[in-house]
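Worksheet: the structure to be examined is printed underneath.
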Amino acid sequence: MKKIFAVSLIAVSVLLGASGVFAETPEELLARVDARRYVPDLSFVLQMTSFDKDAQVESNTLWGFISGVGTQNKSLIAFADPASVKGRRMLMDGNIVYLLFPRTTNPIRLSPLQVLLGQASNGDVVRTGFSQDYDVTSLTDADRDGVACLKFDLSVKAGSKDASYARVALWVEKETLRPVYAEFFTGDKLLKKAFYKSYTEALGKDIPFVVDIYDGDNPQKHTVMEYKKVGQKHVAPTVFRRDYLPSWTPEQPR
Amino acid sequence: MSRIPVMVAAVLAAAAAFPRPLAAWEGQALLDVLPTAALAPNGASSSLMQTETTEVTLQGALSHTQPIAEGLSLAGTMWGMADTLPSQTPLYTPPSKIDLESRILELKLVWEAVPGTLIVTTGKEVIHPSSGFFRTPLNVISHGALGNAANISGSAVGTWEEGWIGEDVTVLFGSFSLSNFFSPRLPWGSGTDTMLRWISFPQNDWQNLTRLDVRLGEADIRVLGLLSTGGPGTADPDLHATFGAGVDTNIGEALTVRAEASIADSVSRVVVTDDKLLLSASQTVSWAPRALAGFTWTNKDQLSIMAEYYYNGSGFAGDDYQNLIRYTQNRHGTGADLMDQFGTFSAGQHYGFARISGNIGDKLSAAAWTQMNLQDLSGLSAIVLTLTYDRWTVNASLMDAWGSTDTEAGLSPLLWRADLEVSLYL
């Protein structure tokens with residue numbers, strides 16, 4: 001079950017984008033990379049499948065919506081599949097996470113580690129609000145699988161205490177500014193690798209509909225996250241409150 | 001004739017306009033097989049002998065959520081159970097071979113009058129403000145668990161519980177939320193309204209529960225007040241008040257902590273006046289507090305440790321507690337059972353709980369927990385193995401009561417209990 005929480009964090013984070021405008025400084029260029037993918041008030045159906053070698057370990061389908069970017073994101077998530085977890089609802093407010101089981105009314109508060117167990121730190125790996133949480137320490141040209149890329153070396157901003165990774169290396173396709181690959185570090189230790197795939201035009205943005213995240217220690221383990229449906233849903237800020245969770249009726253994006 | 005396709009199209013268009021809900025139907029069926037051992041009087045003699053039996057229960061619940069319009073939905077849960085031993089002890093066998101029970105647990109209309117801000121819920125619903133695990137001082141209007149699937153995890157809140165019929169209004173603003181739940185008195189006689197027992201408990205009091213929740217930094221703080229009365233002409237026409245407060249928060253990456261307390265203006269209890277003659281008397285305790293403090297710690301290896309302390313202000317201590325122990329020793333199955341008057345394993349004032357759990361593999365998890373009476377150092381302990389698949393889970397558990405014969409758990413008629421539980425999900 002804890003892996004499910006973890007995987008859901010992935011969902012939340014992968015939906016995050018950062019806003020920005022095109023400019024030539026590295027920071028503003030990074031903001032534009034984020035802005036190309038960021039959909040405000042995104043609602044989604046997301047399937048997440050974990051693998052060990054080629055064997056599927058588990059698969060979950062989540063419905064939800066998200067507001068905000070980077071470590072400031074807030075999201076409501078409902079578990080739609082499999083049946084054993086169907087109906088569970090989760091509120092993620094930055095580092096504070098609540099879980100509500102079906103037929104109960106008081107959401108349980110989880111610690112960040114309870115959420116981030118197993119594949120969980122994937123959620124932080126795919127946190128796409130790069131420009132909000134990270135400073136650019138260097139920007140260089142790089143080639144990746146024959147594609148001309150820009151490589152951003154990022155370090156966490158002093159004010160982003162909730163960001164889980166001290167350092168990120170991000171490869172962005174030069175022509176399209178699409179992230180194609182990223183490495184996430186704590187100190188010098190590589191924790192996660194992420195591959196951004198299946199870019200699709202939706203809601204006026206260029207969204208990677210598949211993100212494949214590999215464990216830094218064990219490359220046999222990876223989690224594939226795939227959007228099945230996306231939309232936009234504007235909600236009042238108060239829906240991201242613990243006391244709203246029991247009243248929330250999850251619905252598919254329209 | 002041409003109007004029919006137009007009408008069908010209009011209906012389909014209207015249906016399509018509604019959002020497709022998640023979990024339109026949810027179901028769970030649960031089969032429990034529970035071998036149980038207990039001490040029973042040995043015929044006419046005063047000695048006790050061990051007796052064993054196996055209880056088999058089949059429980060099922062079906063839930064449905066139906067959006068009616070934007071911000072308006074209807075949700076309900078129906079529960080039923082077939083039980084071969086509803087007393088859960090071989091000392092009390094049912095008159096028929098299988099005892100049947102059913103309830104509407106919840107049936108409520110939820111209306112977001114102002115989206116995300118003003119929520120009105122009308123109907124039957126469960127209200128659980130407590131963050132406690134093995135005891136829940138802030139669940140001041142809880143009916144308690146239905147069925148027998150509650151105690152595998154050591155949790156005070158069972159898998160299924162029946163709610164209260166009433167109206168709840170919640171306002172969310174800024175970091176605050178204010179809720180008021182009003183529940184009317186709905187009494188009925190089990191002898192006259194026999195059909196109602198398949199649907200609902202009676203509601204013997206008027207109740208009004210007000211809750212205020214606020215987020216301060218990373219901490220959630222809640223306060224509540226409950227007013228209740230049976231009203232004029234009832235057995236308890238007085239107005240009673242219960243107040244409570246609680247807080248829970250995270251400390252660092254691995255720790256969540258919680259503390260809460262409630263206090264009631266009066267709590268009834270039965271005290272032993274003569275333990276040899278098995279005499280007792282009713283007593284009212286004024287402003288008896290209940291309090292809980294605890295934490296959950298999790299490490300990076302998926303190991304989770306939980307510990308809680310519970311204080312029961314209306315429980316017994318000192319001479320009253322020793323009188324209760326001797327009364328129970330002398331009772332031998334006769335006279336009233338005063339030990340469980342506050343619920344199972346709650347007669348004393350000080351209790352502790354600890355639980356450790358973790359994953360053994362991708363599908364298998366394990367947990368062990370113990371509850372201890374800190375006054376006499378007796379307790380209940382259990383180990384649980386859980387196998388989880390997409391559409392079903394299997395729980396295997398073994399619970400044991402331990403302590404000397406002058407302790408609460410040692411005097412429990414329950415010796416041990418095994419449980420094999422299979423859950424199927426729709």
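Following the order of the structure tokens, first chain is A, next is B, and so on, with residues numbered from 1 inside each chain and ligands from 1 in the order they appear.
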
Set the cut-off to 7 Å and count only C-alpha atoms: what are the residues of chain A that reach chain B? Output as a CSV table (one decimal) with N, CA and C atoms, in the first residue's frame.
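Listing of out.csv after writing:
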```
chain,number,residue,atom,x,y,z
A,80,ALA,N,-8.5,4.7,-8.3
A,80,ALA,CA,-9.6,4.1,-9.1
A,80,ALA,C,-9.4,2.6,-9.3
A,82,PRO,N,-6.3,-0.8,-8.4
A,82,PRO,CA,-7.1,-1.9,-8.4
A,82,PRO,C,-8.3,-1.9,-7.4
A,83,ALA,N,-9.1,-2.9,-7.4
A,83,ALA,CA,-10.3,-2.9,-6.5
A,83,ALA,C,-9.9,-2.8,-5.0
A,84,SER,N,-8.8,-3.4,-4.7
A,84,SER,CA,-8.4,-3.5,-3.3
A,84,SER,C,-8.1,-2.1,-2.7
A,86,LYS,N,-9.5,0.8,-4.3
A,86,LYS,CA,-10.4,1.7,-4.9
A,86,LYS,C,-11.2,2.5,-3.8
A,87,GLY,N,-11.3,3.8,-4.1
A,87,GLY,CA,-12.1,4.6,-3.2
A,87,GLY,C,-11.2,5.4,-2.2
A,105,THR,N,-14.1,8.9,7.9
A,105,THR,CA,-14.3,10.4,7.7
A,105,THR,C,-13.1,11.2,8.2
A,106,ASN,N,-12.2,10.6,8.9
A,106,ASN,CA,-11.0,11.4,9.4
A,106,ASN,C,-9.8,11.0,8.6
A,108,ILE,N,-6.1,10.3,7.6
A,108,ILE,CA,-4.9,10.0,8.4
A,108,ILE,C,-3.7,10.9,7.9
A,110,LEU,N,0.1,11.4,7.2
A,110,LEU,CA,1.2,10.6,6.9
A,110,LEU,C,2.5,11.4,7.0
A,111,SER,N,3.6,10.7,7.4
A,111,SER,CA,4.9,11.4,7.4
A,111,SER,C,5.4,11.4,6.0
A,112,PRO,N,6.3,12.3,5.6
A,112,PRO,CA,6.9,12.3,4.3
A,112,PRO,C,7.5,10.9,3.9
A,113,LEU,N,8.1,10.2,4.9
A,113,LEU,CA,8.7,8.9,4.6
A,113,LEU,C,7.7,7.9,4.4
A,114,GLN,N,6.6,8.0,5.0
A,114,GLN,CA,5.5,7.0,4.8
A,114,GLN,C,5.0,7.1,3.3
A,117,LEU,N,8.0,5.9,0.6
A,117,LEU,CA,8.6,4.5,0.7
A,117,LEU,C,8.6,3.9,-0.7
A,236,ALA,N,-11.7,26.0,-5.8
A,236,ALA,CA,-11.4,26.9,-4.7
A,236,ALA,C,-10.2,26.4,-4.0
A,238,THR,N,-9.8,26.2,-1.0
A,238,THR,CA,-10.2,25.5,0.3
A,238,THR,C,-10.4,24.0,0.0
A,239,VAL,N,-10.5,23.6,-1.2
A,239,VAL,CA,-10.7,22.1,-1.5
A,239,VAL,C,-9.4,21.4,-1.1
A,243,ASP,N,-10.4,18.8,5.7
A,243,ASP,CA,-11.8,18.6,6.0
A,243,ASP,C,-12.6,18.6,4.8
A,249,THR,N,-16.1,14.2,-4.2
A,249,THR,CA,-16.6,13.1,-5.1
A,249,THR,C,-15.7,13.2,-6.3
A,250,PRO,N,-14.7,12.3,-6.4
A,250,PRO,CA,-13.8,12.3,-7.6
A,250,PRO,C,-14.5,12.1,-8.9
A,251,GLU,N,-14.0,12.7,-9.9
A,251,GLU,CA,-14.6,12.6,-11.2
A,251,GLU,C,-13.5,12.7,-12.3
A,252,GLN,N,-13.8,12.1,-13.4
A,252,GLN,CA,-12.9,12.1,-14.6
A,252,GLN,C,-12.8,13.5,-15.2
```

Could you name the residues that touch stretch 200-205 of chain A at 7 Å or less, counting only C-alpha atoms, but leaving out those on the same chain fewer than 4 positions away, as a VMD selection string? chain A and resid 36 to 37 39 209

Could you find all residues in stretch 68-212 of chain B that DSSP calls strand (DSSP E or B) from the backbone, and write them as a PyMOL selection string? chain B and resi 68-69+72-83+99-114+118-125+145-146+160-161+164-173+176-183+186+203+206-212

Run DSSP on the backbone of this structure and report the residues of stretch 49-242 of chain A it assigns to helix (DSSP H, G or I), as number ranges by chain. A: 70-72, 112-115, 118-125, 130-133, 237-240, 242

Distance query B:Ser346 at most 12 Å, only C-alpha atoms, self and fewer than 2 positions along chain excluded, as a ChimeraX atom specification: /B:134-135,156,290,310-317,321,338-344,348-352,371-375,378-380,408-409,412

If we count only C-alpha atoms, what is near B:Val394 at a cut-off of 8 Å, once residues fewer than 3 positions away on the same chain are taken out, given as a list in words? Thr386, Leu387, Thr388, Leu420, Glu421, Val422 and Ser423 of chain B

Writing out the chosen residues with N, CA and C atoms as a PDB file, in the first residue's frame:
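New file again-v8.pdb:
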```
ATOM      1  N   THR B 386      -0.573 -10.285   6.183  1.00  0.00           N
ATOM      2  CA  THR B 386      -1.524  -9.832   5.171  1.00  0.00           C
ATOM      3  C   THR B 386      -0.951 -10.052   3.779  1.00  0.00           C
ATOM      4  N   LEU B 387      -1.720 -10.720   2.966  1.00  0.00           N
ATOM      5  CA  LEU B 387      -1.356 -10.961   1.575  1.00  0.00           C
ATOM      6  C   LEU B 387      -2.319 -10.150   0.709  1.00  0.00           C
ATOM      7  N   THR B 388      -1.789  -9.267  -0.126  1.00  0.00           N
ATOM      8  CA  THR B 388      -2.643  -8.351  -0.872  1.00  0.00           C
ATOM      9  C   THR B 388      -2.501  -8.563  -2.376  1.00  0.00           C
ATOM     10  N   LEU B 420      -8.759 -16.138  10.291  1.00  0.00           N
ATOM     11  CA  LEU B 420      -8.396 -16.182   8.881  1.00  0.00           C
ATOM     12  C   LEU B 420      -9.454 -15.384   8.137  1.00  0.00           C
ATOM     13  N   GLU B 421      -9.033 -14.330   7.488  1.00  0.00           N
ATOM     14  CA  GLU B 421      -9.982 -13.392   6.902  1.00  0.00           C
ATOM     15  C   GLU B 421      -9.672 -13.231   5.417  1.00  0.00           C
ATOM     16  N   VAL B 422     -10.662 -13.466   4.614  1.00  0.00           N
ATOM     17  CA  VAL B 422     -10.503 -13.311   3.166  1.00  0.00           C
ATOM     18  C   VAL B 422     -11.427 -12.197   2.698  1.00  0.00           C
ATOM     19  N   SER B 423     -10.876 -11.196   2.054  1.00  0.00           N
ATOM     20  CA  SER B 423     -11.672 -10.082   1.533  1.00  0.00           C
ATOM     21  C   SER B 423     -11.643 -10.099   0.011  1.00  0.00           C
TER      22      SER B 423
END
```

I'd like the contact shell of A:Leu190 - 6 Å cut-off, only C-alpha atoms, skipping same-chain residues fewer than 5 positions apart - returned as a ChimeraX atom specification. /A:184-185,216

Contacts of B:Ala281 at 8 Å (only C-alpha atoms; same-chain gap of 5+ positions) as a ChimeraX atom specification: /B:270-273

Dump of C-alpha atoms for the selected residues, as a compact mmCIF listing (two decimals), in the first residue's frame:
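Dumped everything to result_6.txt:
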```
# COMPACT_ATOMS: atom_id res chain seq x y z
CA VAL B 270 -21.03 0.65 37.92
CA VAL B 271 -18.80 0.21 40.97
CA VAL B 272 -18.41 -2.90 43.09
CA THR B 273 -19.75 -2.48 46.62
```

Atom CA of A:Asp93 to atom CA of A:Lys233, distance in Å rounded to a single decimal: 17.4 Å

Distance atom CA of B:Trp402-atom CA of B:Ala38, one decimal place? 12.6 Å

Fewer than 2 positions away in the same chain doesn't count, so skip those; otherwise give me all residues within 7 Å of A:Leu154, counting only C-alpha atoms, as a PyMOL selection string. chain A and resi 134-137+152+156+167-169

Same residues, C-alpha atoms, output as a PDB file, in the first residue's frame:
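Result file is again_12.pdb:
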```pdb
ATOM      1  CA  TYR A 134      16.289  24.962  -8.401  1.00  0.00           C
ATOM      2  CA  ASP A 135      18.991  27.417  -9.456  1.00  0.00           C
ATOM      3  CA  VAL A 136      20.943  26.836 -12.651  1.00  0.00           C
ATOM      4  CA  THR A 137      24.611  26.246 -11.827  1.00  0.00           C
ATOM      5  CA  PHE A 152      21.083  22.096 -17.147  1.00  0.00           C
ATOM      6  CA  VAL A 156      18.224  23.391  -4.908  1.00  0.00           C
ATOM      7  CA  ARG A 167      21.086  18.438  -7.330  1.00  0.00           C
ATOM      8  CA  VAL A 168      19.513  17.683 -10.703  1.00  0.00           C
ATOM      9  CA  ALA A 169      20.998  17.176 -14.145  1.00  0.00           C
TER      10      ALA A 169
END
```

For each of B:Met306, B:Leu324, B:Ala367, B:Ala259, take the minimum atom-to-atom distance to B:Thr407, counting only C-alpha atoms, then give the residue where this is smallest.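 Nearest to B:Thr407: B:Leu324.
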
Å distance separating atom CA of B:Leu277 from atom CA of B:Asp319, one decimal place: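 It comes out at 16.7 Å.
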